file coords_7.cif (mmCIF, C-alpha atoms and all ligand atoms)
data_data
#
loop_
_atom_site.label_atom_id
_atom_site.label_comp_id
_atom_site.auth_asym_id
_atom_site.auth_seq_id
_atom_site.Cartn_x
_atom_site.Cartn_y
_atom_site.Cartn_z
CA MET A 228 0.00 0.00 0.00
CA ASN A 229 1.07 3.57 -0.64
CA ARG A 230 3.65 2.56 -3.20
CA GLU A 231 1.89 4.57 -5.90
CA LEU A 232 0.90 8.14 -5.12
CA LEU A 233 -0.50 11.16 -6.95
CA MET A 234 1.10 14.45 -5.96
CA SER A 235 0.86 18.00 -7.26
CA ASP A 236 3.21 20.86 -6.34
CA ALA A 237 3.38 23.84 -4.00
CA THR A 238 3.99 26.41 -6.74
CA HIS A 239 0.63 28.10 -6.19
CA PHE A 240 0.15 27.19 -2.53
CA ARG A 241 -1.31 30.18 -0.62
CA VAL A 242 -3.80 30.90 2.13
CA ASP A 243 -6.52 32.81 0.24
CA TYR A 244 -9.37 31.80 2.57
CA GLU A 245 -9.88 30.12 5.94
CA ILE A 246 -11.73 26.80 5.73
CA ASN A 247 -10.04 25.07 8.65
CA PRO A 248 -8.83 26.36 12.03
CA TYR A 249 -5.16 26.23 11.02
CA MET A 250 -5.54 28.64 8.10
CA CYS A 251 -5.07 32.36 8.63
CA THR A 252 -4.89 34.65 5.61
CA GLY A 253 -2.55 36.88 7.64
CA VAL A 254 0.03 34.06 7.86
CA GLN A 255 1.21 33.15 4.36
CA PRO A 256 3.62 30.38 3.45
CA ASP A 257 7.04 31.40 2.22
CA PRO A 258 6.82 30.40 -1.47
CA ALA A 259 10.37 29.11 -1.91
CA ALA A 260 10.34 27.28 1.42
CA ALA A 261 6.99 25.68 0.59
CA VAL A 262 8.24 24.41 -2.77
CA ALA A 263 11.39 23.03 -1.14
CA GLU A 264 9.43 21.38 1.66
CA HIS A 265 7.08 19.73 -0.80
CA ALA A 266 9.95 18.61 -3.04
CA ALA A 267 11.60 16.99 -0.01
CA ILE A 268 8.42 15.02 0.69
CA ALA A 269 8.27 13.80 -2.92
CA ALA A 270 11.98 12.91 -2.77
CA ALA A 271 11.40 10.91 0.43
CA HIS A 272 8.63 8.90 -1.28
CA LEU A 273 10.96 8.12 -4.18
CA ALA A 274 13.81 7.20 -1.81
CA ALA A 275 11.42 4.77 -0.08
CA GLY A 276 10.85 3.10 -3.47
CA ARG A 277 7.41 4.55 -4.10
CA LYS A 278 6.17 5.65 -7.50
CA VAL A 279 4.99 9.27 -7.65
CA GLU A 280 2.63 10.50 -10.35
CA TYR A 281 2.55 14.24 -10.90
CA LEU A 282 -0.28 16.62 -11.77
CA PRO A 283 0.80 20.30 -12.04
CA SER A 284 -1.14 22.70 -9.82
CA ALA A 285 -3.31 25.43 -11.35
CA PRO A 286 -2.71 29.09 -10.41
CA GLN A 287 -6.31 29.65 -9.26
CA CYS A 288 -6.18 26.61 -6.93
CA PRO A 289 -4.10 27.53 -3.87
CA ASP A 290 -4.87 24.24 -2.07
CA MET A 291 -4.25 21.91 -5.01
CA VAL A 292 -1.06 20.67 -3.36
CA PHE A 293 -3.36 18.69 -1.03
CA THR A 294 -4.19 15.99 -3.56
CA ALA A 295 -5.61 13.64 -0.93
CA ASN A 296 -8.92 15.50 -1.02
CA ALA A 297 -9.37 14.95 -4.75
CA ALA A 298 -10.77 11.43 -4.54
CA VAL A 299 -10.51 8.01 -3.01
CA VAL A 300 -9.20 5.36 -5.37
CA ARG A 301 -9.50 1.58 -5.29
CA GLY A 302 -8.58 -0.73 -8.14
CA GLY A 303 -9.75 0.90 -11.35
CA ARG A 304 -12.32 3.15 -9.70
CA ALA A 305 -12.16 6.62 -8.20
CA VAL A 306 -14.87 8.41 -6.23
CA LEU A 307 -14.18 12.12 -6.57
CA GLY A 308 -14.22 14.44 -3.59
CA ASP A 309 -16.81 17.20 -3.29
CA PRO A 310 -14.89 19.88 -1.36
CA PRO A 311 -15.94 23.27 0.04
CA ALA A 312 -16.78 25.92 -2.57
CA GLN A 313 -13.32 27.49 -2.27
CA ARG A 314 -11.73 24.29 -3.63
CA GLN A 315 -14.24 23.28 -6.30
CA ALA A 316 -12.04 24.65 -9.12
CA GLU A 317 -9.55 21.82 -8.47
CA LEU A 318 -12.00 19.09 -9.39
CA PRO A 319 -11.90 19.26 -13.22
CA TYR A 320 -8.11 18.83 -13.20
CA PHE A 321 -8.27 15.73 -11.03
CA ARG A 322 -11.25 14.34 -12.91
CA GLN A 323 -9.42 14.75 -16.20
CA TRP A 324 -6.18 13.21 -14.90
CA LEU A 325 -7.95 10.18 -13.41
CA THR A 326 -10.03 9.70 -16.55
CA GLU A 327 -6.95 9.89 -18.78
CA GLN A 328 -5.24 7.25 -16.63
CA GLY A 329 -8.18 4.97 -17.31
CA TYR A 330 -9.99 5.10 -13.97
CA ASP A 331 -13.76 4.86 -13.80
CA VAL A 332 -14.52 8.20 -12.19
CA VAL A 333 -17.64 8.61 -10.08
CA ALA A 334 -18.83 12.00 -8.81
CA ALA A 335 -19.76 12.31 -5.14
CA PRO A 336 -23.47 13.05 -4.65
CA TYR A 337 -22.86 14.67 -1.24
CA PRO A 338 -20.06 16.71 0.37
CA PHE A 339 -16.99 14.47 0.59
CA SER A 340 -13.39 15.12 1.54
CA GLY A 341 -11.95 12.30 -0.56
CA GLN A 342 -9.18 10.30 1.02
CA GLY A 343 -8.94 12.95 3.75
CA ASP A 344 -12.02 11.26 5.22
CA ALA A 345 -11.56 7.79 3.71
CA LEU A 346 -8.63 5.72 4.96
CA ALA A 347 -8.30 2.29 3.42
CA PHE A 348 -7.32 -0.45 5.85
CA GLY A 349 -7.43 -3.74 3.95
CA ASP A 350 -11.06 -4.35 3.07
CA LEU A 351 -12.17 -1.78 5.63
CA LEU A 352 -12.62 1.90 4.94
CA LEU A 353 -12.24 4.11 8.00
CA ALA A 354 -14.63 6.83 6.95
CA GLY A 355 -14.90 10.21 8.61
CA TYR A 356 -17.97 12.40 8.68
CA GLY A 357 -19.40 15.46 10.34
CA TYR A 358 -17.20 18.24 8.91
CA ARG A 359 -16.18 17.86 5.27
CA THR A 360 -18.02 14.62 4.58
CA ASP A 361 -21.75 13.96 4.68
CA ARG A 362 -22.52 10.64 6.31
CA ARG A 363 -24.70 9.69 3.33
CA MET A 364 -21.42 9.19 1.44
CA HIS A 365 -20.67 6.04 3.42
CA PRO A 366 -23.10 3.71 1.61
CA VAL A 367 -22.00 5.29 -1.67
CA LEU A 368 -18.36 4.43 -0.92
CA ALA A 369 -19.32 0.91 0.12
CA ALA A 370 -21.28 0.35 -3.10
CA GLU A 371 -18.82 1.99 -5.51
CA LEU A 372 -15.58 0.62 -4.06
CA GLY A 373 -16.62 -2.56 -2.26
CA TYR A 374 -15.37 -1.50 1.15
CA GLN A 375 -16.82 -2.38 4.50
CA VAL A 376 -17.22 1.09 6.00
CA VAL A 377 -16.28 1.85 9.61
CA PRO A 378 -17.79 5.27 10.44
CA VAL A 379 -15.46 7.43 12.52
CA ARG A 380 -16.57 10.81 13.83
CA THR A 381 -14.12 13.42 15.01
CA VAL A 382 -15.16 15.80 17.78
CA SER A 383 -13.66 19.13 16.75
CA PRO A 384 -12.96 21.16 13.61
CA ARG A 385 -9.29 20.74 14.54
CA TRP A 386 -9.81 17.28 13.05
CA TYR A 387 -11.83 18.49 10.07
CA ASP A 388 -10.46 15.53 8.09
CA LEU A 389 -10.00 12.06 9.55
CA ASP A 390 -6.40 11.88 8.31
CA LEU A 391 -5.44 14.29 11.09
CA ALA A 392 -6.76 11.97 13.82
CA VAL A 393 -6.14 8.42 12.53
CA ALA A 394 -3.29 6.90 10.51
CA VAL A 395 -3.13 3.53 8.79
CA VAL A 396 0.38 2.21 9.45
CA GLY A 397 0.11 -1.51 8.60
CA GLY A 398 3.47 -3.23 8.80
CA PRO A 399 4.50 -6.34 10.73
CA THR A 400 1.92 -5.75 13.49
CA ASN A 401 -0.92 -4.40 11.27
CA THR A 402 -0.99 -1.16 13.17
CA LEU A 403 -3.30 1.83 13.34
CA ALA A 404 -2.17 5.02 15.07
CA TRP A 405 -4.83 7.31 16.46
CA CYS A 406 -5.65 10.12 18.82
CA PRO A 407 -8.51 8.67 20.89
CA ALA A 408 -9.49 12.07 22.32
CA ALA A 409 -10.18 13.31 18.78
CA LEU A 410 -13.01 10.78 18.29
CA ASP A 411 -16.46 10.44 19.80
CA PRO A 412 -17.00 7.49 22.20
CA ALA A 413 -18.86 5.30 19.68
CA SER A 414 -16.10 5.76 17.11
CA GLN A 415 -13.45 4.97 19.72
CA GLY A 416 -15.34 1.76 20.42
CA ARG A 417 -15.53 0.84 16.74
CA LEU A 418 -11.75 1.17 16.35
CA ARG A 419 -11.01 -0.75 19.57
CA ASP A 420 -13.37 -3.51 18.37
CA LEU A 421 -11.16 -4.04 15.31
CA ALA A 422 -8.75 -5.74 17.72
CA VAL A 423 -5.67 -4.52 15.87
CA ASP A 424 -2.49 -3.01 17.24
CA LEU A 425 -3.37 0.59 18.19
CA ILE A 426 -0.78 3.28 18.92
CA ASP A 427 -2.22 6.09 21.02
CA VAL A 428 -1.04 9.57 20.06
CA ASP A 429 -1.67 12.52 22.35
CA VAL A 430 -3.56 15.64 21.32
CA ASP A 431 -0.39 17.76 21.16
CA GLU A 432 1.30 15.48 18.66
CA ALA A 433 -1.91 15.03 16.67
CA ALA A 434 -2.33 18.82 16.49
CA ARG A 435 1.20 18.97 15.05
CA PHE A 436 -0.05 16.61 12.30
CA ALA A 437 1.87 13.58 13.62
CA LEU A 438 -0.87 11.30 12.26
CA ASN A 439 -0.87 12.87 8.82
CA LEU A 440 1.67 10.34 7.61
CA VAL A 441 2.25 8.00 4.69
CA SER A 442 3.17 4.40 5.50
CA ASP A 443 3.86 1.60 3.04
CA GLY A 444 4.21 -0.91 5.86
CA THR A 445 8.00 -0.70 5.79
CA THR A 446 8.81 3.00 5.81
CA VAL A 447 6.73 5.69 7.49
CA THR A 448 7.12 9.24 6.21
CA MET A 449 5.96 11.65 8.88
CA THR A 450 6.22 15.17 10.30
CA ARG A 451 9.28 15.95 12.39
CA GLY A 452 8.84 16.94 16.03
CA ASN A 453 6.60 14.11 17.21
CA PRO A 454 8.93 11.83 19.18
CA GLY A 455 6.18 9.83 20.87
CA LEU A 456 4.74 8.45 17.66
CA ALA A 457 8.14 8.18 15.93
CA SER A 458 9.54 5.98 18.69
CA ALA A 459 6.37 3.83 18.89
CA LEU A 460 6.74 3.16 15.15
CA ARG A 461 10.45 2.34 15.44
CA GLU A 462 9.68 -0.09 18.28
CA ARG A 463 7.49 -1.96 15.80
CA GLY A 464 10.35 -2.37 13.36
CA LEU A 465 9.33 0.39 10.96
CA GLN A 466 11.76 2.78 9.27
CA VAL A 467 10.75 6.33 10.15
CA VAL A 468 11.64 9.31 7.98
CA GLU A 469 10.85 12.65 9.63
CA LEU A 470 10.40 15.78 7.55
CA ASP A 471 9.68 19.44 8.16
CA THR A 472 6.13 20.52 7.24
CA THR A 473 6.09 24.08 8.64
CA GLU A 474 4.86 25.70 5.43
CA LEU A 475 2.18 23.14 4.57
CA ALA A 476 0.88 23.41 8.14
CA LYS A 477 -0.16 27.00 7.37
CA GLY A 478 -2.77 25.50 5.05
CA GLY A 479 -3.82 22.98 7.67
CA GLY A 480 -2.18 20.02 5.99
CA GLY A 481 0.79 17.69 6.20
CA ILE A 482 2.40 14.77 4.45
CA ARG A 483 -0.67 12.52 4.06
CA CYS A 484 -2.68 15.40 2.58
CA THR A 485 -0.20 15.84 -0.27
CA ALA A 486 -0.44 12.27 -1.58
CA LEU A 487 -3.46 10.53 -3.07
CA THR A 488 -2.99 6.76 -2.85
CA LEU A 489 -3.46 5.02 -6.20
CA ASP A 490 -2.69 1.43 -5.18
CA ASN A 491 -5.27 0.58 -2.53
CA PRO A 492 -5.60 -3.20 -2.93
CA PRO A 493 -8.80 -4.44 -4.59
CA ALA A 494 -11.32 -6.48 -2.62
CA THR A 495 -10.02 -9.84 -1.35
CA THR A 496 -13.54 -11.30 -0.98
CA GLY A 497 -16.87 -11.19 -2.75
N1 LIG A 501 -6.30 23.89 3.18
C1 LIG A 501 -6.78 22.58 2.87
C2 LIG A 501 -8.26 22.49 3.19
O1 LIG A 501 -8.64 22.99 4.21
C3 LIG A 501 -5.99 21.54 3.59
C4 LIG A 501 -6.41 20.15 3.24
C5 LIG A 501 -5.62 19.11 3.95
N2 LIG A 501 -5.99 17.81 3.53
C6 LIG A 501 -6.19 16.76 4.32
N3 LIG A 501 -6.36 15.60 3.76
N4 LIG A 501 -6.30 16.86 5.61
O2 LIG A 501 -9.02 21.92 2.46
#
call {"tool": "encode", "arguments": {"input": "coords_7.cif", "output": "C-alpha cells"}}
result
Amino acid sequence: MNRELLMSDATHFRVDYEINPYMCTGVQPDPAAAVAEHAAIAAAHLAAGRKVEYLPSAPQCPDMVFTANAAVVRGGRAVLGDPPAQRQAELPYFRQWLTEQGYDVVAAPYPFSGQGDALAFGDLLLAGYGYRTDRRMHPVLAAELGYQVVPVRTVSPRWYDLDLAVAVVGGPTNTLAWCPAALDPASQGRLRDLAVDLIDVDVDEAARFALNLVSDGTTVTMTRGNPGLASALRERGLQVVELDTTELAKGGGGIRCTALTLDNPPATTG
C-alpha cells in the first residue's frame, strides 16, 4: 500500500481563505520554502521506493497541493471528492487526470473530503464524517468501491479531516495510530473492536499533524517533532523518515494530505 501516489506541487500554494482552524490569511507560506518542503516530501517517497505521479497545480487553486482530497481510489475506480466551494475549481483537473489514466470516475453526490475522510485499511474503509463529509457518502463508498465502512466521527474542527486523527500504518503488526481524544466514544469503540495493534497519540502530537503520515508498511514518512509516535513506530520495526512541514501546516495540511494513494488493494472477498 502507498507505493503509488499522486502528488501535485506547492507552486501556487497560498492561504486565500480560511476553511479550517489552522488557516489564517494573515500568515502566508514562504513560497520558496513551501516548494522546497514539498519537493523533499516527494523525494522521500521516491527514496522509499514509491512511484509518484505528478499533476501540475493550477494558479487559481491555492490548495491543489493537497491531492488527498481529490478522490478516493481503489482498483480501477475513483470516487471524486466534493470539497468546500473554495476548492471546487480543483476538481476538473483531477477528474481529467484520473479519466486519462483509465480510472472509472464517479462524482460524489454529497459533500466528501476524498481520502482525507476515507482511509483504506485492507477491506475496511475508515470513513470520517461530520465536517467535510456527509454521512450519506458512506453507503456510496461501500457500493462503488466494495469497502466495508467503519464510520469514525471526530469531535472538533481541529480534526476536520480524519487523516489528522487516525493513521493507517500496517506493517508487521498491522498497526493503526490514532488520537482517541479526537473521536467520539462510539467511534473509539468501533476502532477498539477491530482488535488490531493501536498506537495512542496525544492531542499535542496530533495537532502537530503527527498522524498525517504515509506508510507503506516498511517506511513511514511523517512530520518531524513528534517523538512519541516516531519511537512507537520504530519499536514496531518500521523505518521512520521525519520531515519538516512548517509551510504546509499554514494550510492545515501535512504529508498525508499531499499524496493521493493510487494502489489501494482491490477487494479480497466477494
Ligand atoms: N487547506 C486545505 C483544506 O482545508 C488543507 C487540506 C488538507 N488535507 C487533508 N487531507 N487533511 O481543504
call {"tool": "residues_near_ligand", "arguments": {"input": "coords_7.cif", "ligand": "ligand LIG 501 (chain A)", "cutoff": "8 Å", "atoms": "only C-alpha atoms and all ligand atoms", "output": "ChimeraX atom specification"}}
result
/A:242,245-247,250,290,293-296,310-311,314,340-344,387-391,439,478-481,483-485
call {"tool": "atom_distance", "arguments": {"input": "coords_7.cif", "atom1": "CA of Arg451 in chain A", "atom2": "CA of Asp471 in chain A"}}
result
5.5 Å
call {"tool": "axis_aligned_box", "arguments": {"input": "coords_7.cif", "around": "range 386-399 of chain A", "padding_each_side": "6 Å", "output": "AutoDock Vina command-line options"}}
result
--center_x -3.7 --center_y 6.1 --center_z 11.0 --size_x 28.3 --size_y 36.8 --size_z 17.7
call {"tool": "closest_residue", "arguments": {"input": "coords_7.cif", "among": "A:Ala285, A:Val333, A:Met449, A:Ala237", "to": "Ala370 in chain A", "atoms": "only C-alpha atoms"}}
result
A:Val333
call {"tool": "closest_residue", "arguments": {"input": "coords_7.cif", "among": "A:Leu456, A:Asp309, A:Ala261, A:Ile482", "to": "Asp361 in chain A", "atoms": "only C-alpha atoms"}}
result
A:Asp309
call {"tool": "residues_around", "arguments": {"input": "coords_7.cif", "residues": "His365 in chain A", "least_positions_apart": "5", "cutoff": "12 Å", "atoms": "all atoms listed in the file", "output": "ChimeraX atom specification"}}
result
/A:306,335-341,344-345,351-357,360,370-379
call {"tool": "write_last_selection", "arguments": {"input": "coords_7.cif", "atoms": "C-alpha atoms", "output": "PDB file, in the coordinates of the input"}}
result
ATOM      1  CA  VAL A 306     -14.870   8.410  -6.230  1.00  0.00           C
ATOM      2  CA  ALA A 335     -19.760  12.310  -5.140  1.00  0.00           C
ATOM      3  CA  PRO A 336     -23.470  13.050  -4.650  1.00  0.00           C
ATOM      4  CA  TYR A 337     -22.860  14.670  -1.240  1.00  0.00           C
ATOM      5  CA  PRO A 338     -20.060  16.710   0.370  1.00  0.00           C
ATOM      6  CA  PHE A 339     -16.990  14.470   0.590  1.00  0.00           C
ATOM      7  CA  SER A 340     -13.390  15.120   1.540  1.00  0.00           C
ATOM      8  CA  GLY A 341     -11.950  12.300  -0.560  1.00  0.00           C
ATOM      9  CA  ASP A 344     -12.020  11.260   5.220  1.00  0.00           C
ATOM     10  CA  ALA A 345     -11.560   7.790   3.710  1.00  0.00           C
ATOM     11  CA  LEU A 351     -12.170  -1.780   5.630  1.00  0.00           C
ATOM     12  CA  LEU A 352     -12.620   1.900   4.940  1.00  0.00           C
ATOM     13  CA  LEU A 353     -12.240   4.110   8.000  1.00  0.00           C
ATOM     14  CA  ALA A 354     -14.630   6.830   6.950  1.00  0.00           C
ATOM     15  CA  GLY A 355     -14.900  10.210   8.610  1.00  0.00           C
ATOM     16  CA  TYR A 356     -17.970  12.400   8.680  1.00  0.00           C
ATOM     17  CA  GLY A 357     -19.400  15.460  10.340  1.00  0.00           C
ATOM     18  CA  THR A 360     -18.020  14.620   4.580  1.00  0.00           C
ATOM     19  CA  ALA A 370     -21.280   0.350  -3.100  1.00  0.00           C
ATOM     20  CA  GLU A 371     -18.820   1.990  -5.510  1.00  0.00           C
ATOM     21  CA  LEU A 372     -15.580   0.620  -4.060  1.00  0.00           C
ATOM     22  CA  GLY A 373     -16.620  -2.560  -2.260  1.00  0.00           C
ATOM     23  CA  TYR A 374     -15.370  -1.500   1.150  1.00  0.00           C
ATOM     24  CA  GLN A 375     -16.820  -2.380   4.500  1.00  0.00           C
ATOM     25  CA  VAL A 376     -17.220   1.090   6.000  1.00  0.00           C
ATOM     26  CA  VAL A 377     -16.280   1.850   9.610  1.00  0.00           C
ATOM     27  CA  PRO A 378     -17.790   5.270  10.440  1.00  0.00           C
ATOM     28  CA  VAL A 379     -15.460   7.430  12.520  1.00  0.00           C
TER      29      VAL A 379
END
call {"tool": "atom_distance", "arguments": {"input": "coords_7.cif", "atom1": "CA of Leu307 in chain A", "atom2": "CA of Leu368 in chain A"}}
result
10.4 Å
call {"tool": "atom_distance", "arguments": {"input": "coords_7.cif", "atom1": "CA of Leu232 in chain A", "atom2": "CA of Thr488 in chain A"}}
result
4.7 Å
call {"tool": "residues_around", "arguments": {"input": "coords_7.cif", "residues": "range 270-278 of chain A", "least_positions_apart": "4", "cutoff": "12 Å", "atoms": "all atoms listed in the file", "output": "PyMOL selection string"}}
result
chain A and resi 228-234+263-266+440-450+466-471+482-483+485-490
call {"tool": "residues_around", "arguments": {"input": "coords_7.cif", "residues": "Gln287 in chain A", "least_positions_apart": "5", "cutoff": "9 Å", "atoms": "only C-alpha atoms", "output": "ChimeraX atom specification"}}
result
/A:239,316-317
call {"tool": "residues_around", "arguments": {"input": "coords_7.cif", "residues": "Phe321 in chain A", "least_positions_apart": "3", "cutoff": "9 Å", "atoms": "all atoms listed in the file", "output": "ChimeraX atom specification"}}
result
/A:282,294,297-298,307,317-318,324-326
call {"tool": "residues_around", "arguments": {"input": "coords_7.cif", "residues": "Lys477 in chain A", "least_positions_apart": "5", "cutoff": "10 Å", "atoms": "only C-alpha atoms", "output": "compact mmCIF listing (two decimals) with C-alpha atoms, in the frame of the given file"}}
result
# COMPACT_ATOMS: atom_id res chain seq x y z
CA PHE A 240 0.15 27.19 -2.53
CA ARG A 241 -1.31 30.18 -0.62
CA VAL A 242 -3.80 30.90 2.13
CA PRO A 248 -8.83 26.36 12.03
CA TYR A 249 -5.16 26.23 11.02
CA MET A 250 -5.54 28.64 8.10
CA CYS A 251 -5.07 32.36 8.63
CA THR A 252 -4.89 34.65 5.61
CA VAL A 254 0.03 34.06 7.86
CA GLN A 255 1.21 33.15 4.36
CA PRO A 256 3.62 30.38 3.45
CA ASP A 257 7.04 31.40 2.22
CA ALA A 261 6.99 25.68 0.59
CA THR A 472 6.13 20.52 7.24
call {"tool": "closest_atom_pairs", "arguments": {"input": "coords_7.cif", "of": "range 259-374 of chain A", "to": "range 393-411 of chain A", "cutoff": "9 Å", "atoms": "all atoms listed in the file", "output": "tab-separated table"}}
result
residue	atom	partner	partner_atom	distance
A:Leu346	CA	A:Val395	CA	7.1
A:Ala347	CA	A:Val395	CA	7.6
A:Phe348	CA	A:Val395	CA	6.5
A:Leu353	CA	A:Val393	CA	8.7
call {"tool": "write_last_selection", "arguments": {"input": "coords_7.cif", "atoms": "C-alpha atoms", "output": "PDB file, keeping the file's coordinate frame"}}
result
ATOM      1  CA  LEU A 346      -8.630   5.720   4.960  1.00  0.00           C
ATOM      2  CA  ALA A 347      -8.300   2.290   3.420  1.00  0.00           C
ATOM      3  CA  PHE A 348      -7.320  -0.450   5.850  1.00  0.00           C
ATOM      4  CA  LEU A 353     -12.240   4.110   8.000  1.00  0.00           C
TER       5      LEU A 353
END
call {"tool": "closest_residue", "arguments": {"input": "coords_7.cif", "among": "A:Pro454, A:Pro258, A:Pro412, A:Pro283", "to": "Asp236 in chain A", "atoms": "all atoms listed in the file"}}
result
A:Pro283
call {"tool": "closest_residue", "arguments": {"input": "coords_7.cif", "among": "A:Ala413, A:Ala392, A:Ala305, A:Val332", "to": "Asp427 in chain A", "atoms": "all atoms listed in the file"}}
result
A:Ala392
